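Visitor: My structure is stored as entry10.cif, with mmCIF, N, CA and C atoms.
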data_query
loop_
_atom_site.label_atom_id
_atom_site.label_comp_id
_atom_site.auth_asym_id
_atom_site.auth_seq_id
_atom_site.Cartn_x
_atom_site.Cartn_y
_atom_site.Cartn_z
N MET G 1 3.40 25.44 -25.44
CA MET G 1 4.15 24.21 -25.23
C MET G 1 3.62 23.52 -23.97
N LYS G 2 3.31 22.23 -24.09
CA LYS G 2 2.77 21.48 -22.97
C LYS G 2 3.88 21.13 -21.98
N LYS G 3 3.56 21.27 -20.69
CA LYS G 3 4.49 20.87 -19.65
C LYS G 3 4.16 19.45 -19.24
N TYR G 4 5.17 18.61 -19.16
CA TYR G 4 4.98 17.22 -18.77
C TYR G 4 5.36 17.03 -17.32
N THR G 5 4.56 16.26 -16.64
CA THR G 5 4.82 15.94 -15.25
C THR G 5 5.46 14.56 -15.16
N LEU G 6 5.92 14.22 -13.99
CA LEU G 6 6.46 12.89 -13.76
C LEU G 6 5.38 11.83 -14.01
N ASP G 7 4.16 12.12 -13.60
CA ASP G 7 3.06 11.18 -13.84
C ASP G 7 2.82 10.97 -15.33
N ASP G 8 2.91 12.03 -16.12
CA ASP G 8 2.77 11.90 -17.58
C ASP G 8 3.87 10.99 -18.14
N CYS G 9 5.06 11.21 -17.68
CA CYS G 9 6.20 10.43 -18.14
C CYS G 9 6.03 8.96 -17.77
N LYS G 10 5.65 8.69 -16.51
CA LYS G 10 5.43 7.31 -16.08
C LYS G 10 4.33 6.65 -16.91
N LYS G 11 3.23 7.36 -17.08
CA LYS G 11 2.09 6.80 -17.82
C LYS G 11 2.51 6.42 -19.24
N ASN G 12 3.21 7.30 -19.93
CA ASN G 12 3.64 7.02 -21.30
C ASN G 12 4.66 5.89 -21.35
N THR G 13 5.59 5.90 -20.43
CA THR G 13 6.62 4.86 -20.40
C THR G 13 6.00 3.51 -20.08
N PHE G 14 5.14 3.46 -19.06
CA PHE G 14 4.53 2.20 -18.66
C PHE G 14 3.63 1.63 -19.76
N LYS G 15 2.98 2.51 -20.49
CA LYS G 15 2.11 2.06 -21.58
C LYS G 15 2.93 1.35 -22.66
N ASN G 16 4.09 1.91 -22.95
CA ASN G 16 4.93 1.36 -24.01
C ASN G 16 5.87 0.25 -23.55
N TYR G 17 6.18 0.25 -22.25
CA TYR G 17 7.12 -0.73 -21.71
C TYR G 17 6.58 -1.29 -20.38
N PRO G 18 5.67 -2.24 -20.45
CA PRO G 18 5.06 -2.77 -19.22
C PRO G 18 6.06 -3.40 -18.26
N GLU G 19 7.16 -3.91 -18.77
CA GLU G 19 8.18 -4.50 -17.89
C GLU G 19 8.82 -3.45 -17.00
N ILE G 20 8.89 -2.23 -17.47
CA ILE G 20 9.45 -1.14 -16.67
C ILE G 20 8.49 -0.78 -15.54
N GLU G 21 7.20 -0.85 -15.81
CA GLU G 21 6.21 -0.59 -14.76
C GLU G 21 6.35 -1.59 -13.62
N GLU G 22 6.54 -2.84 -13.94
CA GLU G 22 6.70 -3.88 -12.92
C GLU G 22 7.96 -3.63 -12.09
N LEU G 23 9.05 -3.30 -12.76
CA LEU G 23 10.30 -3.00 -12.06
C LEU G 23 10.12 -1.77 -11.17
N TYR G 24 9.47 -0.75 -11.69
CA TYR G 24 9.22 0.47 -10.92
C TYR G 24 8.43 0.15 -9.65
N LYS G 25 7.39 -0.65 -9.76
CA LYS G 25 6.57 -0.98 -8.60
C LYS G 25 7.37 -1.73 -7.54
N LYS G 26 8.21 -2.66 -7.98
CA LYS G 26 9.03 -3.41 -7.02
C LYS G 26 10.02 -2.49 -6.31
N GLU G 27 10.68 -1.65 -7.06
CA GLU G 27 11.67 -0.74 -6.46
C GLU G 27 10.99 0.30 -5.57
N HIS G 28 9.84 0.76 -5.97
CA HIS G 28 9.11 1.74 -5.18
C HIS G 28 8.68 1.13 -3.85
N LEU G 29 8.22 -0.09 -3.88
CA LEU G 29 7.84 -0.79 -2.66
C LEU G 29 9.04 -0.97 -1.74
N LYS G 30 10.16 -1.36 -2.30
CA LYS G 30 11.39 -1.52 -1.51
C LYS G 30 11.78 -0.19 -0.87
N PHE G 31 11.66 0.89 -1.63
CA PHE G 31 11.97 2.22 -1.11
C PHE G 31 11.04 2.60 0.05
N LEU G 32 9.74 2.37 -0.12
CA LEU G 32 8.78 2.71 0.93
C LEU G 32 9.05 1.95 2.22
N ILE G 33 9.34 0.67 2.09
CA ILE G 33 9.64 -0.15 3.27
C ILE G 33 10.89 0.37 3.96
N SER G 34 11.92 0.65 3.19
CA SER G 34 13.18 1.12 3.78
C SER G 34 12.99 2.43 4.53
N GLN G 35 12.21 3.34 3.96
CA GLN G 35 12.00 4.63 4.62
C GLN G 35 11.14 4.50 5.87
N GLU G 36 10.16 3.61 5.85
CA GLU G 36 9.33 3.39 7.03
C GLU G 36 10.15 2.82 8.18
N ILE G 37 10.99 1.84 7.88
CA ILE G 37 11.84 1.26 8.92
C ILE G 37 12.75 2.33 9.51
N LYS G 38 13.37 3.11 8.66
CA LYS G 38 14.28 4.17 9.12
C LYS G 38 13.53 5.21 9.96
N ASN G 39 12.36 5.62 9.50
CA ASN G 39 11.59 6.62 10.25
C ASN G 39 11.16 6.11 11.62
N ILE G 40 10.68 4.88 11.66
CA ILE G 40 10.24 4.30 12.95
C ILE G 40 11.42 4.15 13.89
N ARG G 41 12.55 3.63 13.36
CA ARG G 41 13.74 3.46 14.20
C ARG G 41 14.20 4.80 14.77
N ASN G 42 14.22 5.83 13.95
CA ASN G 42 14.65 7.15 14.42
C ASN G 42 13.68 7.73 15.45
N LYS G 43 12.38 7.56 15.25
CA LYS G 43 11.40 8.05 16.22
C LYS G 43 11.56 7.38 17.57
N ARG G 44 11.93 6.10 17.53
CA ARG G 44 12.11 5.35 18.78
C ARG G 44 13.49 5.57 19.38
N LYS G 45 14.34 6.30 18.66
CA LYS G 45 15.70 6.63 19.10
C LYS G 45 16.57 5.39 19.31
N TYR G 46 16.44 4.44 18.39
CA TYR G 46 17.27 3.25 18.41
C TYR G 46 18.38 3.41 17.38
N SER G 47 19.54 2.88 17.69
CA SER G 47 20.62 2.88 16.71
C SER G 47 20.42 1.70 15.76
N GLN G 48 21.10 1.76 14.64
CA GLN G 48 21.05 0.64 13.71
C GLN G 48 21.60 -0.62 14.36
N LEU G 49 22.65 -0.47 15.14
CA LEU G 49 23.27 -1.61 15.82
C LEU G 49 22.31 -2.24 16.82
N GLU G 50 21.63 -1.41 17.59
CA GLU G 50 20.67 -1.93 18.56
C GLU G 50 19.54 -2.68 17.86
N LEU G 51 19.00 -2.11 16.81
CA LEU G 51 17.94 -2.76 16.05
C LEU G 51 18.44 -4.08 15.46
N ALA G 52 19.65 -4.07 14.94
CA ALA G 52 20.22 -5.28 14.34
C ALA G 52 20.36 -6.39 15.37
N ARG G 53 20.91 -6.07 16.51
CA ARG G 53 21.10 -7.09 17.56
C ARG G 53 19.77 -7.67 18.02
N LYS G 54 18.80 -6.82 18.25
CA LYS G 54 17.51 -7.28 18.74
C LYS G 54 16.74 -8.09 17.69
N SER G 55 16.94 -7.78 16.43
CA SER G 55 16.19 -8.47 15.38
C SER G 55 16.99 -9.60 14.74
N GLY G 56 18.17 -9.88 15.27
CA GLY G 56 18.94 -11.04 14.81
C GLY G 56 19.65 -10.87 13.49
N THR G 57 20.08 -9.66 13.21
CA THR G 57 20.85 -9.43 11.99
C THR G 57 22.04 -8.55 12.32
N THR G 58 22.66 -7.98 11.32
CA THR G 58 23.82 -7.13 11.56
C THR G 58 23.50 -5.67 11.25
N GLN G 59 24.34 -4.79 11.78
CA GLN G 59 24.15 -3.36 11.54
C GLN G 59 24.28 -3.05 10.05
N SER G 60 25.17 -3.74 9.36
CA SER G 60 25.34 -3.46 7.93
C SER G 60 24.09 -3.85 7.13
N VAL G 61 23.39 -4.89 7.56
CA VAL G 61 22.14 -5.26 6.89
C VAL G 61 21.10 -4.17 7.11
N ILE G 62 20.98 -3.69 8.34
CA ILE G 62 20.03 -2.60 8.63
C ILE G 62 20.37 -1.37 7.79
N ALA G 63 21.66 -1.04 7.72
CA ALA G 63 22.08 0.12 6.92
C ALA G 63 21.72 -0.06 5.45
N ARG G 64 21.96 -1.25 4.91
CA ARG G 64 21.63 -1.49 3.49
C ARG G 64 20.12 -1.43 3.27
N ILE G 65 19.34 -1.96 4.21
CA ILE G 65 17.88 -1.88 4.09
C ILE G 65 17.44 -0.42 4.08
N GLU G 66 17.93 0.34 5.04
CA GLU G 66 17.51 1.74 5.15
C GLU G 66 17.99 2.60 3.99
N ASN G 67 19.08 2.19 3.36
CA ASN G 67 19.60 2.95 2.22
C ASN G 67 19.15 2.38 0.89
N TRP G 68 18.14 1.46 0.96
CA TRP G 68 17.51 0.96 -0.25
C TRP G 68 18.44 0.10 -1.09
N ASN G 69 19.43 -0.50 -0.42
CA ASN G 69 20.42 -1.30 -1.13
C ASN G 69 20.30 -2.79 -0.86
N ALA G 70 19.20 -3.24 -0.26
CA ALA G 70 19.07 -4.66 0.06
C ALA G 70 17.64 -5.11 -0.16
N ASN G 71 17.51 -6.33 -0.59
CA ASN G 71 16.20 -6.96 -0.64
C ASN G 71 15.96 -7.58 0.73
N ILE G 72 14.91 -7.16 1.38
CA ILE G 72 14.62 -7.63 2.72
C ILE G 72 13.66 -8.82 2.65
N SER G 73 13.99 -9.86 3.38
CA SER G 73 13.11 -11.02 3.41
C SER G 73 11.93 -10.73 4.33
N LEU G 74 10.85 -11.45 4.14
CA LEU G 74 9.69 -11.28 5.02
C LEU G 74 10.04 -11.66 6.45
N THR G 75 10.90 -12.64 6.62
CA THR G 75 11.33 -13.05 7.96
C THR G 75 12.06 -11.91 8.66
N THR G 76 13.01 -11.31 7.97
CA THR G 76 13.76 -10.19 8.56
C THR G 76 12.85 -9.01 8.81
N LEU G 77 11.98 -8.70 7.86
CA LEU G 77 11.04 -7.59 8.04
C LEU G 77 10.16 -7.84 9.26
N SER G 78 9.68 -9.05 9.41
CA SER G 78 8.83 -9.39 10.56
C SER G 78 9.57 -9.21 11.87
N LYS G 79 10.82 -9.68 11.93
CA LYS G 79 11.62 -9.54 13.16
C LYS G 79 11.86 -8.07 13.50
N ILE G 80 12.18 -7.28 12.49
CA ILE G 80 12.43 -5.85 12.71
C ILE G 80 11.17 -5.16 13.22
N LEU G 81 10.05 -5.41 12.57
CA LEU G 81 8.79 -4.76 12.98
C LEU G 81 8.33 -5.24 14.35
N LEU G 82 8.57 -6.51 14.64
CA LEU G 82 8.21 -7.05 15.95
C LEU G 82 9.00 -6.34 17.04
N TRP G 83 10.31 -6.22 16.86
CA TRP G 83 11.13 -5.57 17.87
C TRP G 83 10.82 -4.08 17.98
N LEU G 84 10.50 -3.44 16.86
CA LEU G 84 10.14 -2.02 16.89
C LEU G 84 8.72 -1.80 17.41
N ASP G 85 7.98 -2.91 17.59
CA ASP G 85 6.57 -2.84 17.99
C ASP G 85 5.81 -1.93 17.02
N ALA G 86 5.97 -2.23 15.73
CA ALA G 86 5.42 -1.36 14.69
C ALA G 86 4.72 -2.17 13.62
N LYS G 87 3.83 -1.50 12.96
CA LYS G 87 3.17 -2.02 11.78
C LYS G 87 3.35 -1.00 10.68
N ILE G 88 3.46 -1.48 9.46
CA ILE G 88 3.54 -0.54 8.35
C ILE G 88 2.43 -0.88 7.37
N LYS G 89 1.90 0.15 6.78
CA LYS G 89 0.87 -0.01 5.77
C LYS G 89 1.39 0.67 4.50
N LEU G 90 1.41 -0.10 3.44
CA LEU G 90 1.93 0.41 2.18
C LEU G 90 0.83 0.38 1.14
N GLU G 91 0.75 1.44 0.39
CA GLU G 91 -0.23 1.51 -0.69
C GLU G 91 0.50 1.92 -1.95
N LEU G 92 0.34 1.13 -2.98
CA LEU G 92 0.94 1.44 -4.27
C LEU G 92 -0.12 1.98 -5.20
N ASN G 93 0.23 2.99 -5.93
CA ASN G 93 -0.70 3.56 -6.92
C ASN G 93 -0.52 2.88 -8.24
#
As structure tokens - that is how I would like this structure written.

Guide:
Amino acid sequence: MKKYTLDDCKKNTFKNYPEIEELYKKEHLKFLISQEIKNIRNKRKYSQLELARKSGTTQSVIARIENWNANISLTTLSKILLWLDAKIKLELN
């Protein structure tokens, strides 16, 4: 019996349903950005509230971004990264 991996499942699903592949890529990108922001903020030992105040947003927005529950605008992303003095590099497969 053949064992299927997650990659096998994605490949078969994306082949048959290209719209799902597009949705997956968008959500995966959102997830990667959220985790990078959270990791950088934690390494710098900043609270969500401190980051929010410095970047001109609210703590609840930062929390939603970090928990993958918000679509982040490029303006907000730029302000957050500027204040964190950080750059992120994302690569999608």

Visitor: Rounded to one decimal in Å, what is the spacing between atom CA of G:Leu81 and atom N of G:Arg41?

Guide: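 These atoms are spaced 9.2 Å apart.
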
Visitor: For G:Ile72, which residue out of G:Ile20, G:Thr57, G:Lys30, G:Thr13 is the nearest one, using all atoms listed in the file?

Guide: G:Lys30

Visitor: Of the candidates G:Thr5, G:Ser55, G:Gln35, G:Ser47, which shows the shortest atom-to-atom distance to G:Ile80, using only N, CA and C atoms?

Guide: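 Looking only at the distances to G:Ile80, the closest residue turns out to be G:Ser55.
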
Visitor: Which residues match the PyMOL selection byres ((chain G and resi 31-34) around 8) in the file above, as a compact mmCIF listing (two decimals) with N, CA and C atoms, keeping the file's coordinate frame?

Guide:
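Now in out_28.txt:
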# COMPACT_ATOMS: atom_id res chain seq x y z
N LYS G 25 7.39 -0.65 -9.76
CA LYS G 25 6.57 -0.98 -8.60
C LYS G 25 7.37 -1.73 -7.54
N LYS G 26 8.21 -2.66 -7.98
CA LYS G 26 9.03 -3.41 -7.02
C LYS G 26 10.02 -2.49 -6.31
N GLU G 27 10.68 -1.65 -7.06
CA GLU G 27 11.67 -0.74 -6.46
C GLU G 27 10.99 0.30 -5.57
N HIS G 28 9.84 0.76 -5.97
CA HIS G 28 9.11 1.74 -5.18
C HIS G 28 8.68 1.13 -3.85
N LEU G 29 8.22 -0.09 -3.88
CA LEU G 29 7.84 -0.79 -2.66
C LEU G 29 9.04 -0.97 -1.74
N LYS G 30 10.16 -1.36 -2.30
CA LYS G 30 11.39 -1.52 -1.51
C LYS G 30 11.78 -0.19 -0.87
N GLN G 35 12.21 3.34 3.96
CA GLN G 35 12.00 4.63 4.62
C GLN G 35 11.14 4.50 5.87
N GLU G 36 10.16 3.61 5.85
CA GLU G 36 9.33 3.39 7.03
C GLU G 36 10.15 2.82 8.18
N ILE G 37 10.99 1.84 7.88
CA ILE G 37 11.84 1.26 8.92
C ILE G 37 12.75 2.33 9.51
N LYS G 38 13.37 3.11 8.66
CA LYS G 38 14.28 4.17 9.12
C LYS G 38 13.53 5.21 9.96
N ASN G 39 12.36 5.62 9.50
CA ASN G 39 11.59 6.62 10.25
C ASN G 39 11.16 6.11 11.62
N ILE G 40 10.68 4.88 11.66
CA ILE G 40 10.24 4.30 12.95
C ILE G 40 11.42 4.15 13.89
N ARG G 64 21.96 -1.25 4.91
CA ARG G 64 21.63 -1.49 3.49
C ARG G 64 20.12 -1.43 3.27
N ILE G 65 19.34 -1.96 4.21
CA ILE G 65 17.88 -1.88 4.09
C ILE G 65 17.44 -0.42 4.08
N GLU G 66 17.93 0.34 5.04
CA GLU G 66 17.51 1.74 5.15
C GLU G 66 17.99 2.60 3.99
N ASN G 67 19.08 2.19 3.36
CA ASN G 67 19.60 2.95 2.22
C ASN G 67 19.15 2.38 0.89
N TRP G 68 18.14 1.46 0.96
CA TRP G 68 17.51 0.96 -0.25
C TRP G 68 18.44 0.10 -1.09
N ASN G 69 19.43 -0.50 -0.42
CA ASN G 69 20.42 -1.30 -1.13
C ASN G 69 20.30 -2.79 -0.86
N ILE G 88 3.46 -1.48 9.46
CA ILE G 88 3.54 -0.54 8.35
C ILE G 88 2.43 -0.88 7.37
N LEU G 90 1.41 -0.10 3.44
CA LEU G 90 1.93 0.41 2.18
C LEU G 90 0.83 0.38 1.14

Visitor: In Å, how far is it from atom C of G:Thr75 to atom CA of G:Lys45?

Guide: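 Distance reported for this atom pair: 21.6 Å.
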
Visitor: Give me, please, the distance in Å between atom CA of G:Trp83 and atom CA of G:Lys54, quoted to one decimal.

Guide: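 Taking atom CA of G:Trp83 and atom CA of G:Lys54, their separation equals 6.7 Å.
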
Visitor: Box for stretch 18-22 of chain G - axis-aligned, 5 Å on each of the six sides, all listed atoms - centre and size in Å to one decimal, as JSON.

Guide:
{"center_x": 7.3, "center_y": -2.5, "center_z": -16.3, "size_x": 14.4, "size_y": 13.9, "size_z": 18.4}

Visitor: From the options G:Leu23, G:Pro18, G:Gly56, G:Arg44, which residue's atoms come nearest to G:Asp85, counting only C-alpha atoms?

Guide: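 The shortest atom-to-atom distance to G:Asp85 comes from G:Arg44.
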
Visitor: Can you list, as number ranges by chain, every protein, DNA or RNA residue that comes within 6.5 Å of G:Gln48 when you count only N, CA and C atoms, leaving out same-chain residues fewer than 2 positions away?

Guide: G: 46, 50-53, 58-59, 62-63

Visitor: Quick one: DSSP alpha helix (DSSP H) residues in chain G, as a ChimeraX atom specification?

Guide: /G:6-16,18-43,48-55,59-66,74-84

Visitor: Identify which of the residues G:Glu19, G:Leu84, G:Lys10, G:Ser60 lies closest to G:Lys43, counting only C-alpha atoms when measuring atom-to-atom distances.

Guide: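 Nearest candidate to G:Lys43 out of G:Glu19, G:Leu84, G:Lys10, G:Ser60: G:Leu84.
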